[in-house]
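What follows is a set of notes on a single structure, which appears directly below.
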Amino acid sequence: MELSSRSERLMGTTITVSIFHTLADEILAQCFEILRSYEHRFSANDASSELMEVNRQAGIAPVRVHPDLFELIALGTQHSQAKNSHLNIAIGPLVQTWRIGFSDARRPRQEEIDQALTKVDPQQIQLDPENHTVFLKRSGMKIDLGALAKGYSADLIGAFLKDQGITDALIDLGGNILTVGQHPIKQQPWRIGIQNPVEKRGQHLLVLSVKNKSIVTSGIYERHLEVDGQSFHHIFDSATGYPVETDLASITIISDRSVDGEIWTTRLFGESPTSILNIVESLPSMDTLLVSKSGKIAYTSGLQSYL
């Protein structure tokens, strides 16, 4: 037997799943069928997605959604409403105004930004856990789960693979990595390279050795809009309507669940490096690696065990 991999373009990125199993092809085909259903459920850009129906009914009526979508929105709402959080799943109107990462990206006029800012309050998300309904109380509101959906999907795929009896797997959702067990052939931890944000893609800053862990990196180097000599990245500040001002190029979180890595890389983007390190040190089973725009690195005490 050998390690079998399959890749597809989904969720705006290239997804690769690698497993070690006699029925690998069959299981991998199921994996991507499941991932396609998640993409359809969680997408803020597919007009027919379940999430888009929630957005269309903003200010009109609650929408009953699939339990997975409800759980993800509830988790995102909880962390968006937390004190000093930079994560905001209600940021959709701002994302759609700038469109960074899409072919029609542009720098909006100030009045467009101001208008979008009136519709990005996560406190206006109303959830009914009993009926699994979501209601956006203000007309024009839009939920965007782009900061969470890949991590949440990776965790669900990891659980699916374990249900199939697979003990070793690598799930790569465009740089969001979830490892199950270890490398089945080398019989050693999975070796995951961390992109050097100030170098071209594939240039690694360092390599981490991990088992049963997720590694999520969020950075300002991935998607850009260049206007009149100014560069704008895709991580927005809900207070200003502009990309977050930061000296950091990237934040990497190592955690048990991939969705937690997604949540905390976004919640913390905009904080000072010292503040980020202190917060992550206080969180159970979590570590972080910070890279500044100048290439300087800092990390939590537990990271040493992965080097």
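Just remember, in the structure tokens the first chain shown is A, the second B, etc., residues are 1-based per chain, and ligands are 1-based in the order shown.
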Item checked: strand (DSSP E or B) positions in segment 10-232 of chain A, given as a PyMOL selection string -> chain A and resi 10+13-19+63-64+125-128+133-136+169-173+176-180+183+188+190-195+204-210+214-219+224-227+230-232
Note to self: Just to confirm, what's the straight-line distance from atom CA of Thr274 of chain A to atom CA of Leu303 of chain A in Å (one decimal)?
What the structure shows: 15.6 Å
Item checked: Residues near segment 132-149 of chain A, cut-off 8 Å, only C-alpha atoms, skip fewer than 2 positions along chain, as a PyMOL selection string -> chain A and resi 42-44+51+54-55+57-67+70+72-73+76+87+89-93+119-120+124-130+151-153+259+262-263+266
Check: Residues of segment 13-153 of chain A in helix (DSSP H, G or I) according to DSSP, as a ChimeraX atom specification?
Finding: /A:24-42,50-56,67-80,92-98,110-117,122-124,149-153
Notebook entry, point to check: Hey, what's within 10 Å of segment 200-212 of chain A if we count only C-alpha atoms and toss same-chain stuff fewer than 4 positions away? As a PyMOL selection string, please?
Noted result: chain A and resi 158+167-170+178-183+188-196+221-222+254-257+291+295+297+303-307
Can you pull out the residues contacting segment 4-18 of chain A? Cut-off 8 Å, using only C-alpha atoms, and skip same-chain residues under 3 positions away; I want them as a compact mmCIF listing (two decimals) with N, CA, C and O atoms, in the first residue's frame.
# COMPACT_ATOMS: atom_id res chain seq x y z
N HIS A 21 -4.95 3.55 2.84
CA HIS A 21 -6.05 2.60 3.00
C HIS A 21 -6.21 1.78 1.73
O HIS A 21 -5.96 2.28 0.63
N ALA A 24 -8.67 3.42 -0.70
CA ALA A 24 -8.38 4.87 -0.68
C ALA A 24 -9.18 5.65 -1.73
O ALA A 24 -9.77 6.69 -1.42
N ASP A 25 -9.21 5.16 -2.97
CA ASP A 25 -9.89 5.91 -4.04
C ASP A 25 -11.36 6.14 -3.72
O ASP A 25 -11.90 7.23 -3.92
N LEU A 28 -11.65 8.62 -0.74
CA LEU A 28 -11.31 9.99 -1.16
C LEU A 28 -12.42 10.59 -2.01
O LEU A 28 -12.74 11.78 -1.90
N PHE A 32 -14.52 14.17 -1.09
CA PHE A 32 -14.72 15.36 -1.92
C PHE A 32 -16.20 15.61 -2.21
O PHE A 32 -16.60 16.75 -2.41
N LEU A 35 -17.10 17.44 0.89
CA LEU A 35 -16.54 18.80 0.84
C LEU A 35 -17.33 19.71 -0.10
O LEU A 35 -17.54 20.88 0.19
N ARG A 36 -17.79 19.15 -1.23
CA ARG A 36 -18.61 19.94 -2.16
C ARG A 36 -19.92 20.36 -1.50
O ARG A 36 -20.41 21.48 -1.71
N GLU A 39 -19.10 23.23 0.79
CA GLU A 39 -18.87 24.45 0.02
C GLU A 39 -20.22 25.09 -0.33
O GLU A 39 -20.41 26.30 -0.21
N SER A 43 -20.98 28.79 1.55
CA SER A 43 -20.44 29.83 0.68
C SER A 43 -21.22 31.15 0.75
O SER A 43 -22.45 31.16 0.73
N LYS A 150 -13.33 26.77 6.25
CA LYS A 150 -12.34 25.77 5.87
C LYS A 150 -11.92 24.92 7.08
O LYS A 150 -11.83 23.70 7.00
N ALA A 169 -3.84 10.46 8.36
CA ALA A 169 -4.27 11.22 7.18
C ALA A 169 -3.73 12.64 7.26
O ALA A 169 -3.42 13.15 8.34
N LEU A 170 -3.66 13.27 6.09
CA LEU A 170 -3.27 14.68 6.02
C LEU A 170 -4.33 15.41 5.20
O LEU A 170 -4.60 15.04 4.06
N ILE A 171 -4.93 16.42 5.81
CA ILE A 171 -5.98 17.20 5.14
C ILE A 171 -5.44 18.62 4.97
O ILE A 171 -5.14 19.30 5.95
N ASP A 172 -5.31 19.03 3.72
CA ASP A 172 -4.73 20.35 3.41
C ASP A 172 -5.77 21.17 2.64
O ASP A 172 -6.05 20.90 1.48
N LEU A 173 -6.34 22.15 3.33
CA LEU A 173 -7.31 23.03 2.70
C LEU A 173 -6.63 24.35 2.37
O LEU A 173 -6.82 25.36 3.05
N GLY A 174 -5.77 24.30 1.37
CA GLY A 174 -5.07 25.51 0.92
C GLY A 174 -4.26 26.18 2.00
O GLY A 174 -4.35 27.38 2.20
Margin query: For a quick check of understanding, using only C-alpha atoms, which of A:Thr118, A:Asn45, A:Asn84, A:Ser238 has the smallest distance to Gln96 of chain A?
Written below: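 Among the listed residues, the smallest separation from Gln96 of chain A belongs to A:Asn45.
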Item checked: Residue nearest Leu277 of chain A among A:Gly302, A:Gly261, A:Gly241, A:Gly219 (counting only C-alpha atoms) ->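 Nearest candidate to Leu277 of chain A out of A:Gly302, A:Gly261, A:Gly241, A:Gly219: A:Gly302.
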Check: Restricting the calculation to only C-alpha atoms, which member of A:Ile19, A:Leu268, A:Ala159, A:Ile251 is positioned closest to Ala82 of chain A?
Finding: A:Leu268
Check: A:Ile113, A:Ala249, A:Leu94, A:Cys31: which is nearest Glu199 of chain A, counting only C-alpha atoms?
Finding: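 Smallest distance to Glu199 of chain A is found for A:Ala249.
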Next item on the list: Identify which of the residues A:Leu161, A:Leu248, A:Leu156, A:Leu289 lies closest to Asp68 of chain A, counting only C-alpha atoms when measuring atom-to-atom distances.
Entry: A:Leu156
Notebook entry, point to check: Pick the closest to Phe20 of chain A from A:Asp114, A:Glu33, A:Glu2, A:Asp237: which is it, counting only C-alpha atoms?
Noted result: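 Counting only C-alpha atoms, the residue closest to Phe20 of chain A is A:Glu2.
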